[in-house]
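Chemist: Mind looking over this structure? Questions follow.
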Amino acid sequence: MLSPTDLLLVALVLLCIGIYRLLQVPPQLRHIPKVPLWPLICSYLSGEVEEQRVRRLVLPFAKRMNTDVVVVFCLGDWMVQVLEPKLGRQLLENPVVRKQPQPDGMLLWRLIGRNNVFMSDGEMWKRQSRIMHDALRQTTPIEKFTSLARTTFSLIGDGGRVRWSDYTHRYTLDAVGTTVIGYDFEALAKPHGSFVRRYHDVMDAIANPPYVVFPSLERWLPRHSVRAMVDSFVEDFCKILEEKRKNPGNDVITYMFQEPEMTQVEYRDNSIVTFIGGHDTTAGALSTTIYFLARYPDVQERLRKEVVSVLGNDDPRIEHFSKTPYLNAVIRESLRYNTPTNITVPRISDEPVRIGGYVIPPGTAIALHMGAAHHNESAWENPDRWNPDRWLDEKNVDQTNWVSFGHGPRRCPARNFSLYEQRVLISMLLREYRLSLPEDSIHRDTLKNAFTAFALSLPKDLDVDFVKIA
């Protein structure tokens with residue numbers, strides 16, 4: 001019979017064998033260049049954000065290896081990542097690939113669920129996609145965006161130093177709440193309100209680097225308190241949905257409730273994923289654009305002249321924005337440079353898939369890294385330079401290389417909602433204020449993002465100086 005010491009030794013040996021096997025590239029993927037493991041592990045555990053990691057480690061490695069397809073250790077497993085937009089389109093439009101089911105235990109999936117348009121596949125996705133597109137087409141709430149912009153300006157007042165990354169989250173949360181969910185979270189009026197505070201607490205707790213890198217830690221060292229936070233938040237969100245069912249309005253969720261085919265779980269999962277994805281990503285985009293306008297006053301002034309010449313003193317209308325090519329270029333370039341969502345949900349296939357000269361075996365996780373695709377030198381001239389002018393002449397850029405909202409039939413269904421939300425706030429803001437970057441800004445030399453569980457690009461603690469235009 002083994003002694004306690006012997007049992008401990010056996011357990012340690014088995015653990016070491018398990019870790020060794022986990023960190024070894026599977027034999028069927030060894031024909032694809034592998035991004036060096038230990039720099040990746042150090043990057044993950046240090047809390048380095050996704051866009052920095054891909055530009056510092058992944059893209060330079062791919063360039064040395066002359067490849068646009070690499071194997072990367074990600075989310076506790078080995079994954080094939082596509083780094084070039086046209087190859088990404090080839091992947092996402094391939095009819096034999098489907099979304100990879102995500103592992104149990106990871107609190108991110110516990111929060112957003114699996115039965116939503118973001119995670120589902122097959123007939124469920126087709127049904128949900130149709131319903132979501134139909135619902136979003138019935139409302140483009142320019143008037144609500146305008147009202148929320150005015151509320152934001154009333155809080156900024158005569159100007160001064162403003163934590164802009166905070167205001168963008170509050171503005172977009174209220175935009176999604178009132179027009180999509182049909183519920184006023186009052187994030188602008190009550191930034192420290194219970195529901196808003198709890199949401200940020202949940203997201204901060206989930207985004208613990210070791211648990212993001214190794215999701216299996218949730219099984220070995222479960223975070224019961226964080227799990228309880230997630231469950232409580234979801235439970236209270238469901239109460240909001242129940243209230244919405246009793247009191248329908250002119251919002252996306254009301255339109256979804258009119259669809260008899262959707263189940264209660266689908267309502268819940270789609271509402272939560274829309275709530276999260278619909279405001280965090282747009283908030284990040286708005287922070288990025290205002291950062292660059294504050295950093296480059298000549299671009300800011302040029303854009304202000306365009307906005308004033310088109311809108312005058314009128315409230316924004318949809319038709320205005322067909323006459324603002326520079327505004328559209330500035331937004332598009334910001335979405336390219338600091339792509340709000342860096343990587344797609346992984347795909348798998350039951351049969352071999354050929355991408356970029358490599359045959360990917362069945363059952364392999366494959367994803368398009370949109371952040372890498374937007375900084376790939378083979379697709380863009382001077383990709384690390386923020387340059388809105390590149391979008392003003394179609395000869396200068398291949399529009400199909402822009403993948404900020406994904407590719408193919410599974411592109412983000414709310415892309416127009418997000419773009420109009422950004423156009424309204426930016427155009428109105430430039431009529432009211434001049435912007436500049438503080439001398440002591442942490443973003444003075446380069447834009448810095450916060451660490452998130454979703455690999456989102458959200459500028460961290462972005463302060464901007466506002467001066468009221470007389």
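Going through the structure tokens in order, the chains are called A, B, and so on, while each chain numbers its residues from 1 and the ligands are numbered from 1 in the order shown.
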List every residue of segment 71-188 of chain A that DSSP, applied to the backbone of this structure, places in alpha helix (DSSP H), and write the result as a PyMOL selection string.

Modeler: chain A and resi 85-92+107-112+122-137+142-156+164-176

Chemist: Report as a ChimeraX atom specification all protein, DNA and RNA residues lying within 8 Å of segment 392-407 of chain A, evaluated on only C-alpha atoms, omitting residues in the same chain fewer than 4 positions from it.

Modeler: /A:85-86,88-89,92-93,325-326,329,335-336,339-341,344,370,373-374,379-380,388,411-412,415

Chemist: Find the spatial neighbours of Leu293 of chain A, counting only C-alpha atoms, within a cut-off of 12 Å - ignore same-chain residues fewer than 6 positions away - and output them as a PDB file with all heavy atoms, in the first residue's frame.

Modeler:
ATOM      1  N   LEU A 286     -15.720  54.517 -29.716  1.00  0.00           N
ATOM      2  CA  LEU A 286     -15.871  55.960 -29.473  1.00  0.00           C
ATOM      3  C   LEU A 286     -14.671  56.524 -28.714  1.00  0.00           C
ATOM      4  O   LEU A 286     -14.224  57.644 -28.986  1.00  0.00           O
ATOM      5  CB  LEU A 286     -17.159  56.223 -28.694  1.00  0.00           C
ATOM      6  CG  LEU A 286     -18.454  56.165 -29.515  1.00  0.00           C
ATOM      7  CD1 LEU A 286     -19.663  56.091 -28.590  1.00  0.00           C
ATOM      8  CD2 LEU A 286     -18.557  57.380 -30.433  1.00  0.00           C
ATOM      9  N   SER A 287     -14.152  55.766 -27.778  1.00  0.00           N
ATOM     10  CA  SER A 287     -12.957  56.224 -27.060  1.00  0.00           C
ATOM     11  C   SER A 287     -11.769  56.323 -28.003  1.00  0.00           C
ATOM     12  O   SER A 287     -10.989  57.282 -27.956  1.00  0.00           O
ATOM     13  CB  SER A 287     -12.643  55.279 -25.894  1.00  0.00           C
ATOM     14  OG  SER A 287     -13.591  55.383 -24.866  1.00  0.00           O
ATOM     15  N   VAL A 299      -6.691  67.010 -37.914  1.00  0.00           N
ATOM     16  CA  VAL A 299      -7.762  66.101 -38.327  1.00  0.00           C
ATOM     17  C   VAL A 299      -9.074  66.518 -37.673  1.00  0.00           C
ATOM     18  O   VAL A 299     -10.143  66.533 -38.301  1.00  0.00           O
ATOM     19  CB  VAL A 299      -7.417  64.643 -37.963  1.00  0.00           C
ATOM     20  CG1 VAL A 299      -8.588  63.714 -38.286  1.00  0.00           C
ATOM     21  CG2 VAL A 299      -6.161  64.185 -38.693  1.00  0.00           C
ATOM     22  N   GLN A 300      -8.997  66.869 -36.390  1.00  0.00           N
ATOM     23  CA  GLN A 300     -10.184  67.297 -35.658  1.00  0.00           C
ATOM     24  C   GLN A 300     -10.830  68.506 -36.323  1.00  0.00           C
ATOM     25  O   GLN A 300     -12.059  68.542 -36.521  1.00  0.00           O
ATOM     26  CB  GLN A 300      -9.804  67.639 -34.212  1.00  0.00           C
ATOM     27  CG  GLN A 300     -10.947  68.107 -33.344  1.00  0.00           C
ATOM     28  CD  GLN A 300     -10.474  68.573 -31.986  1.00  0.00           C
ATOM     29  OE1 GLN A 300     -11.123  69.423 -31.363  1.00  0.00           O
ATOM     30  NE2 GLN A 300      -9.349  68.057 -31.499  1.00  0.00           N
ATOM     31  N   GLU A 301     -10.014  69.501 -36.696  1.00  0.00           N
ATOM     32  CA  GLU A 301     -10.565  70.709 -37.290  1.00  0.00           C
ATOM     33  C   GLU A 301     -11.150  70.433 -38.670  1.00  0.00           C
ATOM     34  O   GLU A 301     -12.204  70.968 -39.040  1.00  0.00           O
ATOM     35  CB  GLU A 301      -9.487  71.788 -37.369  1.00  0.00           C
ATOM     36  CG  GLU A 301     -10.013  73.164 -37.757  1.00  0.00           C
ATOM     37  CD  GLU A 301     -11.101  73.668 -36.819  1.00  0.00           C
ATOM     38  OE1 GLU A 301     -11.028  73.375 -35.603  1.00  0.00           O
ATOM     39  OE2 GLU A 301     -12.026  74.355 -37.305  1.00  0.00           O
ATOM     40  N   ARG A 302     -10.471  69.615 -39.430  1.00  0.00           N
ATOM     41  CA  ARG A 302     -10.979  69.252 -40.762  1.00  0.00           C
ATOM     42  C   ARG A 302     -12.327  68.551 -40.649  1.00  0.00           C
ATOM     43  O   ARG A 302     -13.268  68.831 -41.407  1.00  0.00           O
ATOM     44  CB  ARG A 302      -9.959  68.355 -41.454  1.00  0.00           C
ATOM     45  CG  ARG A 302     -10.367  67.865 -42.834  1.00  0.00           C
ATOM     46  CD  ARG A 302      -9.246  67.002 -43.391  1.00  0.00           C
ATOM     47  NE  ARG A 302      -9.645  66.309 -44.613  1.00  0.00           N
ATOM     48  CZ  ARG A 302      -8.885  65.393 -45.225  1.00  0.00           C
ATOM     49  NH1 ARG A 302      -7.686  65.081 -44.723  1.00  0.00           N
ATOM     50  NH2 ARG A 302      -9.314  64.787 -46.322  1.00  0.00           N
ATOM     51  N   LEU A 303     -12.442  67.653 -39.687  1.00  0.00           N
ATOM     52  CA  LEU A 303     -13.700  66.926 -39.490  1.00  0.00           C
ATOM     53  C   LEU A 303     -14.790  67.861 -38.976  1.00  0.00           C
ATOM     54  O   LEU A 303     -15.951  67.755 -39.393  1.00  0.00           O
ATOM     55  CB  LEU A 303     -13.485  65.757 -38.524  1.00  0.00           C
ATOM     56  CG  LEU A 303     -14.697  64.890 -38.239  1.00  0.00           C
ATOM     57  CD1 LEU A 303     -15.313  64.347 -39.524  1.00  0.00           C
ATOM     58  CD2 LEU A 303     -14.333  63.728 -37.306  1.00  0.00           C
ATOM     59  N   ARG A 304     -14.420  68.785 -38.103  1.00  0.00           N
ATOM     60  CA  ARG A 304     -15.411  69.732 -37.585  1.00  0.00           C
ATOM     61  C   ARG A 304     -16.004  70.556 -38.719  1.00  0.00           C
ATOM     62  O   ARG A 304     -17.225  70.780 -38.772  1.00  0.00           O
ATOM     63  CB  ARG A 304     -14.765  70.640 -36.542  1.00  0.00           C
ATOM     64  CG  ARG A 304     -15.735  71.647 -35.929  1.00  0.00           C
ATOM     65  CD  ARG A 304     -15.085  72.489 -34.845  1.00  0.00           C
ATOM     66  NE  ARG A 304     -14.816  71.691 -33.650  1.00  0.00           N
ATOM     67  CZ  ARG A 304     -13.594  71.313 -33.275  1.00  0.00           C
ATOM     68  NH1 ARG A 304     -12.524  71.663 -33.983  1.00  0.00           N
ATOM     69  NH2 ARG A 304     -13.432  70.579 -32.192  1.00  0.00           N
ATOM     70  N   LEU A 327     -15.990  61.947 -41.919  1.00  0.00           N
ATOM     71  CA  LEU A 327     -16.440  61.347 -40.663  1.00  0.00           C
ATOM     72  C   LEU A 327     -16.476  59.831 -40.781  1.00  0.00           C
ATOM     73  O   LEU A 327     -15.990  59.113 -39.885  1.00  0.00           O
ATOM     74  CB  LEU A 327     -17.828  61.872 -40.303  1.00  0.00           C
ATOM     75  CG  LEU A 327     -18.530  61.207 -39.111  1.00  0.00           C
ATOM     76  CD1 LEU A 327     -17.741  61.408 -37.832  1.00  0.00           C
ATOM     77  CD2 LEU A 327     -19.954  61.730 -38.946  1.00  0.00           C
ATOM     78  N   VAL A 330     -12.904  58.516 -40.735  1.00  0.00           N
ATOM     79  CA  VAL A 330     -12.297  58.572 -39.400  1.00  0.00           C
ATOM     80  C   VAL A 330     -12.786  57.414 -38.537  1.00  0.00           C
ATOM     81  O   VAL A 330     -11.996  56.736 -37.849  1.00  0.00           O
ATOM     82  CB  VAL A 330     -12.613  59.931 -38.733  1.00  0.00           C
ATOM     83  CG1 VAL A 330     -12.320  59.882 -37.233  1.00  0.00           C
ATOM     84  CG2 VAL A 330     -11.800  61.040 -39.391  1.00  0.00           C
ATOM     85  N   ILE A 331     -14.088  57.159 -38.559  1.00  0.00           N
ATOM     86  CA  ILE A 331     -14.646  56.063 -37.764  1.00  0.00           C
ATOM     87  C   ILE A 331     -14.129  54.727 -38.267  1.00  0.00           C
ATOM     88  O   ILE A 331     -13.714  53.867 -37.468  1.00  0.00           O
ATOM     89  CB  ILE A 331     -16.182  56.108 -37.806  1.00  0.00           C
ATOM     90  CG1 ILE A 331     -16.698  57.335 -37.047  1.00  0.00           C
ATOM     91  CG2 ILE A 331     -16.788  54.834 -37.219  1.00  0.00           C
ATOM     92  CD1 ILE A 331     -18.191  57.564 -37.162  1.00  0.00           C
ATOM     93  N   GLU A 333     -11.386  54.060 -39.897  1.00  0.00           N
ATOM     94  CA  GLU A 333      -9.964  53.888 -39.606  1.00  0.00           C
ATOM     95  C   GLU A 333      -9.733  53.572 -38.132  1.00  0.00           C
ATOM     96  O   GLU A 333      -8.867  52.762 -37.781  1.00  0.00           O
ATOM     97  CB  GLU A 333      -9.186  55.133 -40.019  1.00  0.00           C
ATOM     98  CG  GLU A 333      -7.698  55.091 -39.719  1.00  0.00           C
ATOM     99  CD  GLU A 333      -6.902  54.076 -40.535  1.00  0.00           C
ATOM    100  OE1 GLU A 333      -7.524  53.267 -41.267  1.00  0.00           O
ATOM    101  OE2 GLU A 333      -5.660  54.084 -40.448  1.00  0.00           O
ATOM    102  N   SER A 334     -10.513  54.189 -37.247  1.00  0.00           N
ATOM    103  CA  SER A 334     -10.384  53.880 -35.820  1.00  0.00           C
ATOM    104  C   SER A 334     -10.784  52.437 -35.536  1.00  0.00           C
ATOM    105  O   SER A 334     -10.147  51.749 -34.722  1.00  0.00           O
ATOM    106  CB  SER A 334     -11.243  54.841 -34.993  1.00  0.00           C
ATOM    107  OG  SER A 334     -10.782  56.171 -35.130  1.00  0.00           O
ATOM    108  N   TRP A 386      -2.309  55.445 -37.988  1.00  0.00           N
ATOM    109  CA  TRP A 386      -3.721  55.835 -38.064  1.00  0.00           C
ATOM    110  C   TRP A 386      -3.861  56.884 -39.153  1.00  0.00           C
ATOM    111  O   TRP A 386      -3.334  57.993 -39.035  1.00  0.00           O
ATOM    112  CB  TRP A 386      -4.190  56.384 -36.715  1.00  0.00           C
ATOM    113  CG  TRP A 386      -5.653  56.698 -36.658  1.00  0.00           C
ATOM    114  CD1 TRP A 386      -6.677  55.816 -36.476  1.00  0.00           C
ATOM    115  CD2 TRP A 386      -6.264  57.995 -36.760  1.00  0.00           C
ATOM    116  NE1 TRP A 386      -7.889  56.483 -36.469  1.00  0.00           N
ATOM    117  CE2 TRP A 386      -7.672  57.819 -36.635  1.00  0.00           C
ATOM    118  CE3 TRP A 386      -5.767  59.292 -36.943  1.00  0.00           C
ATOM    119  CZ2 TRP A 386      -8.565  58.877 -36.691  1.00  0.00           C
ATOM    120  CZ3 TRP A 386      -6.660  60.346 -36.999  1.00  0.00           C
ATOM    121  CH2 TRP A 386      -8.041  60.141 -36.875  1.00  0.00           C
ATOM    122  N   ASN A 387      -4.559  56.567 -40.234  1.00  0.00           N
ATOM    123  CA  ASN A 387      -4.610  57.439 -41.405  1.00  0.00           C
ATOM    124  C   ASN A 387      -5.993  57.380 -42.057  1.00  0.00           C
ATOM    125  O   ASN A 387      -6.238  56.545 -42.931  1.00  0.00           O
ATOM    126  CB  ASN A 387      -3.532  57.039 -42.408  1.00  0.00           C
ATOM    127  CG  ASN A 387      -3.604  57.846 -43.688  1.00  0.00           C
ATOM    128  OD1 ASN A 387      -4.106  58.971 -43.689  1.00  0.00           O
ATOM    129  ND2 ASN A 387      -3.102  57.281 -44.775  1.00  0.00           N
ATOM    130  N   PRO A 388      -6.930  58.242 -41.660  1.00  0.00           N
ATOM    131  CA  PRO A 388      -8.277  58.209 -42.240  1.00  0.00           C
ATOM    132  C   PRO A 388      -8.302  58.438 -43.747  1.00  0.00           C
ATOM    133  O   PRO A 388      -9.214  57.961 -44.433  1.00  0.00           O
ATOM    134  CB  PRO A 388      -9.009  59.343 -41.511  1.00  0.00           C
ATOM    135  CG  PRO A 388      -8.208  59.638 -40.299  1.00  0.00           C
ATOM    136  CD  PRO A 388      -6.796  59.284 -40.628  1.00  0.00           C
ATOM    137  N   ILE A 426     -20.230  61.737 -32.229  1.00  0.00           N
ATOM    138  CA  ILE A 426     -19.016  62.436 -32.669  1.00  0.00           C
ATOM    139  C   ILE A 426     -19.363  63.739 -33.384  1.00  0.00           C
ATOM    140  O   ILE A 426     -18.752  64.784 -33.130  1.00  0.00           O
ATOM    141  CB  ILE A 426     -18.179  61.514 -33.572  1.00  0.00           C
ATOM    142  CG1 ILE A 426     -17.638  60.328 -32.767  1.00  0.00           C
ATOM    143  CG2 ILE A 426     -17.014  62.288 -34.207  1.00  0.00           C
ATOM    144  CD1 ILE A 426     -17.065  59.216 -33.621  1.00  0.00           C
ATOM    145  N   SER A 427     -20.353  63.701 -34.281  1.00  0.00           N
ATOM    146  CA  SER A 427     -20.702  64.907 -35.028  1.00  0.00           C
ATOM    147  C   SER A 427     -21.223  65.996 -34.096  1.00  0.00           C
ATOM    148  O   SER A 427     -20.862  67.176 -34.226  1.00  0.00           O
ATOM    149  CB  SER A 427     -21.732  64.579 -36.117  1.00  0.00           C
ATOM    150  OG  SER A 427     -22.929  64.070 -35.558  1.00  0.00           O
ATOM    151  N   LEU A 429     -20.632  66.252 -30.853  1.00  0.00           N
ATOM    152  CA  LEU A 429     -19.555  66.633 -29.938  1.00  0.00           C
ATOM    153  C   LEU A 429     -18.643  67.683 -30.566  1.00  0.00           C
ATOM    154  O   LEU A 429     -18.255  68.665 -29.911  1.00  0.00           O
ATOM    155  CB  LEU A 429     -18.752  65.388 -29.561  1.00  0.00           C
ATOM    156  CG  LEU A 429     -17.611  65.565 -28.561  1.00  0.00           C
ATOM    157  CD1 LEU A 429     -18.176  65.870 -27.185  1.00  0.00           C
ATOM    158  CD2 LEU A 429     -16.746  64.308 -28.513  1.00  0.00           C
ATOM    159  N   LEU A 430     -18.312  67.521 -31.841  1.00  0.00           N
ATOM    160  CA  LEU A 430     -17.395  68.448 -32.494  1.00  0.00           C
ATOM    161  C   LEU A 430     -18.005  69.828 -32.694  1.00  0.00           C
ATOM    162  O   LEU A 430     -17.272  70.819 -32.840  1.00  0.00           O
ATOM    163  CB  LEU A 430     -16.945  67.865 -33.838  1.00  0.00           C
ATOM    164  CG  LEU A 430     -16.022  66.651 -33.743  1.00  0.00           C
ATOM    165  CD1 LEU A 430     -15.733  66.083 -35.119  1.00  0.00           C
ATOM    166  CD2 LEU A 430     -14.719  67.008 -33.036  1.00  0.00           C
ATOM    167  N   TYR A 433     -17.461  71.185 -28.693  1.00  0.00           N
ATOM    168  CA  TYR A 433     -16.201  71.241 -27.950  1.00  0.00           C
ATOM    169  C   TYR A 433     -14.981  71.100 -28.855  1.00  0.00           C
ATOM    170  O   TYR A 433     -15.046  70.460 -29.908  1.00  0.00           O
ATOM    171  CB  TYR A 433     -16.147  70.115 -26.905  1.00  0.00           C
ATOM    172  CG  TYR A 433     -17.215  70.179 -25.850  1.00  0.00           C
ATOM    173  CD1 TYR A 433     -18.384  69.418 -25.989  1.00  0.00           C
ATOM    174  CD2 TYR A 433     -17.075  70.986 -24.730  1.00  0.00           C
ATOM    175  CE1 TYR A 433     -19.384  69.473 -25.026  1.00  0.00           C
ATOM    176  CE2 TYR A 433     -18.069  71.045 -23.756  1.00  0.00           C
ATOM    177  CZ  TYR A 433     -19.216  70.286 -23.912  1.00  0.00           C
ATOM    178  OH  TYR A 433     -20.209  70.338 -22.969  1.00  0.00           O
ATOM    179  N   ARG A 434     -13.868  71.694 -28.400  1.00  0.00           N
ATOM    180  CA  ARG A 434     -12.549  71.381 -28.942  1.00  0.00           C
ATOM    181  C   ARG A 434     -11.885  70.411 -27.965  1.00  0.00           C
ATOM    182  O   ARG A 434     -12.048  70.525 -26.749  1.00  0.00           O
ATOM    183  CB  ARG A 434     -11.705  72.640 -29.114  1.00  0.00           C
ATOM    184  CG  ARG A 434     -12.316  73.644 -30.088  1.00  0.00           C
ATOM    185  CD  ARG A 434     -11.369  74.774 -30.418  1.00  0.00           C
ATOM    186  NE  ARG A 434     -12.085  75.802 -31.162  1.00  0.00           N
ATOM    187  CZ  ARG A 434     -12.347  75.740 -32.469  1.00  0.00           C
ATOM    188  NH1 ARG A 434     -11.940  74.683 -33.160  1.00  0.00           N
ATOM    189  NH2 ARG A 434     -13.006  76.712 -33.074  1.00  0.00           N
ATOM    190  N   LEU A 435     -11.119  69.478 -28.505  1.00  0.00           N
ATOM    191  CA  LEU A 435     -10.562  68.384 -27.719  1.00  0.00           C
ATOM    192  C   LEU A 435      -9.044  68.408 -27.765  1.00  0.00           C
ATOM    193  O   LEU A 435      -8.446  68.741 -28.791  1.00  0.00           O
ATOM    194  CB  LEU A 435     -11.057  67.040 -28.261  1.00  0.00           C
ATOM    195  CG  LEU A 435     -12.520  66.948 -28.708  1.00  0.00           C
ATOM    196  CD1 LEU A 435     -12.767  65.668 -29.462  1.00  0.00           C
ATOM    197  CD2 LEU A 435     -13.431  67.046 -27.493  1.00  0.00           C
ATOM    198  N   SER A 436      -8.425  68.033 -26.667  1.00  0.00           N
ATOM    199  CA  SER A 436      -6.974  67.879 -26.659  1.00  0.00           C
ATOM    200  C   SER A 436      -6.591  66.796 -25.659  1.00  0.00           C
ATOM    201  O   SER A 436      -7.350  66.483 -24.732  1.00  0.00           O
ATOM    202  CB  SER A 436      -6.269  69.194 -26.313  1.00  0.00           C
ATOM    203  OG  SER A 436      -6.651  69.644 -25.022  1.00  0.00           O
ATOM    204  N   LEU A 437      -5.409  66.239 -25.854  1.00  0.00           N
ATOM    205  CA  LEU A 437      -4.909  65.171 -24.986  1.00  0.00           C
ATOM    206  C   LEU A 437      -4.043  65.800 -23.900  1.00  0.00           C
ATOM    207  O   LEU A 437      -3.145  66.599 -24.197  1.00  0.00           O
ATOM    208  CB  LEU A 437      -4.092  64.189 -25.818  1.00  0.00           C
ATOM    209  CG  LEU A 437      -3.936  62.762 -25.298  1.00  0.00           C
ATOM    210  CD1 LEU A 437      -5.293  62.077 -25.185  1.00  0.00           C
ATOM    211  CD2 LEU A 437      -3.015  61.969 -26.220  1.00  0.00           C
ATOM    212  N   VAL A 464      -9.535  63.245 -21.490  1.00  0.00           N
ATOM    213  CA  VAL A 464      -9.485  64.212 -22.597  1.00  0.00           C
ATOM    214  C   VAL A 464      -9.866  65.580 -22.038  1.00  0.00           C
ATOM    215  O   VAL A 464     -10.771  65.691 -21.203  1.00  0.00           O
ATOM    216  CB  VAL A 464     -10.455  63.803 -23.735  1.00  0.00           C
ATOM    217  CG1 VAL A 464     -10.491  64.878 -24.818  1.00  0.00           C
ATOM    218  CG2 VAL A 464     -10.051  62.464 -24.328  1.00  0.00           C
ATOM    219  N   ASP A 465      -9.159  66.631 -22.502  1.00  0.00           N
ATOM    220  CA  ASP A 465      -9.499  67.999 -22.109  1.00  0.00           C
ATOM    221  C   ASP A 465     -10.497  68.582 -23.095  1.00  0.00           C
ATOM    222  O   ASP A 465     -10.270  68.574 -24.320  1.00  0.00           O
ATOM    223  CB  ASP A 465      -8.235  68.865 -22.077  1.00  0.00           C
ATOM    224  CG  ASP A 465      -7.336  68.537 -20.903  1.00  0.00           C
ATOM    225  OD1 ASP A 465      -7.863  68.012 -19.889  1.00  0.00           O
ATOM    226  OD2 ASP A 465      -6.115  68.791 -20.989  1.00  0.00           O
ATOM    227  N   PHE A 466     -11.626  69.065 -22.586  1.00  0.00           N
ATOM    228  CA  PHE A 466     -12.702  69.634 -23.387  1.00  0.00           C
ATOM    229  C   PHE A 466     -12.742  71.156 -23.177  1.00  0.00           C
ATOM    230  O   PHE A 466     -12.670  71.632 -22.038  1.00  0.00           O
ATOM    231  CB  PHE A 466     -14.057  69.047 -22.977  1.00  0.00           C
ATOM    232  CG  PHE A 466     -14.293  67.649 -23.467  1.00  0.00           C
ATOM    233  CD1 PHE A 466     -13.571  66.573 -22.971  1.00  0.00           C
ATOM    234  CD2 PHE A 466     -15.259  67.388 -24.424  1.00  0.00           C
ATOM    235  CE1 PHE A 466     -13.800  65.281 -23.413  1.00  0.00           C
ATOM    236  CE2 PHE A 466     -15.507  66.104 -24.875  1.00  0.00           C
ATOM    237  CZ  PHE A 466     -14.771  65.049 -24.371  1.00  0.00           C
TER     238      PHE A 466
END

Chemist: Considering only C-alpha atoms, can you say which of A:Pro383, A:Gly157, A:Gly312, A:Gly357 comes closest to Thr67 of chain A?

Modeler: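 Ranking A:Pro383, A:Gly157, A:Gly312, A:Gly357 by distance to Thr67 of chain A, first place goes to A:Gly357.
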
Chemist: Would you list the contacts of segment 181-184 of chain A as an mmCIF file with N, CA, C and O atoms, in the first residue's frame, taking every protein, DNA or RNA residue within 6 Å and counting only C-alpha atoms, but skipping same-chain residues closer than 4 positions in sequence?

Modeler:
data_model
loop_
_atom_site.group_PDB
_atom_site.id
_atom_site.type_symbol
_atom_site.label_atom_id
_atom_site.label_comp_id
_atom_site.auth_asym_id
_atom_site.auth_seq_id
_atom_site.Cartn_x
_atom_site.Cartn_y
_atom_site.Cartn_z
ATOM 1 N N GLY A 177 -29.618 50.132 -23.589
ATOM 2 C CA GLY A 177 -30.691 49.880 -22.632
ATOM 3 C C GLY A 177 -32.038 50.388 -23.120
ATOM 4 O O GLY A 177 -33.033 49.656 -23.112
ATOM 5 N N ASP A 251 -38.763 48.660 -29.007
ATOM 6 C CA ASP A 251 -37.374 48.253 -28.811
ATOM 7 C C ASP A 251 -37.171 46.861 -29.379
ATOM 8 O O ASP A 251 -38.127 46.139 -29.683
ATOM 9 N N ILE A 253 -35.992 44.040 -28.079
ATOM 10 C CA ILE A 253 -36.440 42.894 -27.281
ATOM 11 C C ILE A 253 -37.948 42.700 -27.405
ATOM 12 O O ILE A 253 -38.443 41.563 -27.466
#

Chemist: Could you tell me which of A:Pro260, A:Gly277, A:Pro191, A:Pro459 comes closest to Phe292 of chain A if we count only C-alpha atoms?

Modeler: A:Pro459

Chemist: Pick from A:Ala285, A:Ala470, A:Val230, A:Val180: nearest to Lys244 of chain A, with only C-alpha atoms counted?

Modeler: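 Once distances to Lys244 of chain A are computed over only C-alpha atoms, the minimum belongs to A:Val180.
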
Chemist: Would you mind listing what lies within 12 Å of Glu218 of chain A as an MDAnalysis selection string, with only C-alpha atoms counted and same-chain residues fewer than 4 positions away left out?

Modeler: chainID A and resid 76 103:108 110 206 208 210:214 222:227

Chemist: Can you list, as a VMD selection string, every protein, DNA or RNA residue that comes within 12 Å of Arg197 of chain A when you count only C-alpha atoms, leaving out same-chain residues fewer than 5 positions away?

Modeler: chain A and resid 169 to 170 185 to 187 190 to 192 202 to 204 229 233

Chemist: Please save C-alpha atoms of the selected residues as a PDB file, in the first residue's frame.

Modeler:
ATOM      1  CA  HIS A 169     -19.527  53.320 -21.568  1.00  0.00           C
ATOM      2  CA  ARG A 170     -22.333  55.237 -19.888  1.00  0.00           C
ATOM      3  CA  PHE A 185     -30.195  51.828 -16.837  1.00  0.00           C
ATOM      4  CA  GLU A 186     -29.617  55.541 -16.105  1.00  0.00           C
ATOM      5  CA  ALA A 187     -25.884  55.049 -16.521  1.00  0.00           C
ATOM      6  CA  LYS A 190     -26.391  57.496 -12.036  1.00  0.00           C
ATOM      7  CA  PRO A 191     -22.916  56.195 -12.947  1.00  0.00           C
ATOM      8  CA  HIS A 192     -22.603  54.392  -9.623  1.00  0.00           C
ATOM      9  CA  VAL A 202     -18.805  40.918 -12.655  1.00  0.00           C
ATOM     10  CA  MET A 203     -16.706  41.684 -15.741  1.00  0.00           C
ATOM     11  CA  ASP A 204     -13.662  42.628 -13.650  1.00  0.00           C
ATOM     12  CA  MET A 229     -21.990  37.140  -8.662  1.00  0.00           C
ATOM     13  CA  PHE A 233     -26.557  39.350 -12.181  1.00  0.00           C
TER      14      PHE A 233
END

Chemist: Of the candidates A:Ile272, A:Gly356, A:Thr168, A:Pro346, which shows the shortest atom-to-atom distance to Thr289 of chain A, using only C-alpha atoms?

Modeler: A:Thr168

Chemist: Hey, what's within 10 Å of Ile360 of chain A if we count only C-alpha atoms and toss same-chain stuff fewer than 4 positions away? As a PyMOL selection string, please?

Modeler: chain A and resi 28-29+31-32+80+348-349+351-356+364-366

Chemist: Measuring atom to atom with only C-alpha atoms, identify which of A:Arg268, A:Arg410, A:Arg295, A:Lys448 is nearest to Asn116 of chain A.

Modeler: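 Nearest candidate to Asn116 of chain A out of A:Arg268, A:Arg410, A:Arg295, A:Lys448: A:Arg268.
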
Chemist: Using only C-alpha atoms, which of the listed residues (A:Arg385, A:His200, A:Lys468, A:Arg163) sits closest to Pro438 of chain A?

Modeler: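 Ranking A:Arg385, A:His200, A:Lys468, A:Arg163 by distance to Pro438 of chain A, first place goes to A:Arg163.
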